[in-house]
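These notes concern the structure reproduced below.
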Amino acid sequence: LLSHEPVFMLVAVVAYAKLHAPALLHATSAQQACDALHAESCLRPALWMRTAYAMLRSTPDHFFPRWAPFSPLPAGPIYPRRVEFPKSVVGFGFAEVARIKASEAELMQRRYLVARVLAANQEAGTMAALADERRRQMEAEEVVAREALAAKQALVLRASRDPSVAMGEAAVAEAEAAAQRARAAGIELEFAHAQRMSRLEAEA
């Protein structure tokens, strides 16, 4: 387009309108015709230029307006000043990027906290199951210790009829020591379980 005289622009416009004749013929007003010309088109540029060149060659020169030929702009403040990009648009873009990054960071933080809560709940459930299992074991051990104590007490009772009373007292002391150790182990286990549960609740 820039290699021809300005009048070629008129020919190009007429060729464009000619190629969109079906849409223009259905228009009933000037606004509809403008809308048809401004709508997006899949027109091939090669076809458009061929039509324009054919119209330029077939149109007599006296139909074209007489304009002055191309000439450079004179020296001086003729060229328009460069318009800078609106700072408000740039600032809005930066603000949107910052907002999206903050939203993503908040979402990641929430996912991390949810994962920690789920892990803590799972660990708490596991620890509770282990504590319950250990409690059952302790109860079974306590039953065994009581049975052993009863057996030793019976032994002591039988041995009381024997002149050797020292043997019976030693058996009683050993049985009581075993029961005391069982109770101490149970108390220690309960204390450790309470500490683990407190730590899990604090992390949640």
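We name chains A, B, ... following the order of the structure tokens; residues begin at 1 in each chain, and ligands are numbered from 1 as shown.
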message: At a cut-off of 8 Å, using only C-alpha atoms, what residues contact range 182-189 of chain A? Leave out same-chain residues fewer than 5 positions from it and give the result as a count of residues only.
response: 5
- prompt: In Å, how far is it from CA of His20 in chain A to CA of Ser41 in chain A?
  reply: 9.2 Å
message: as a PyMOL selection string, please: every residue in range 3-57 of chain A that a backbone DSSP assignment puts in helix (DSSP H, G or I).
response: chain A and resi 7-19+21-25+30-38+45-57
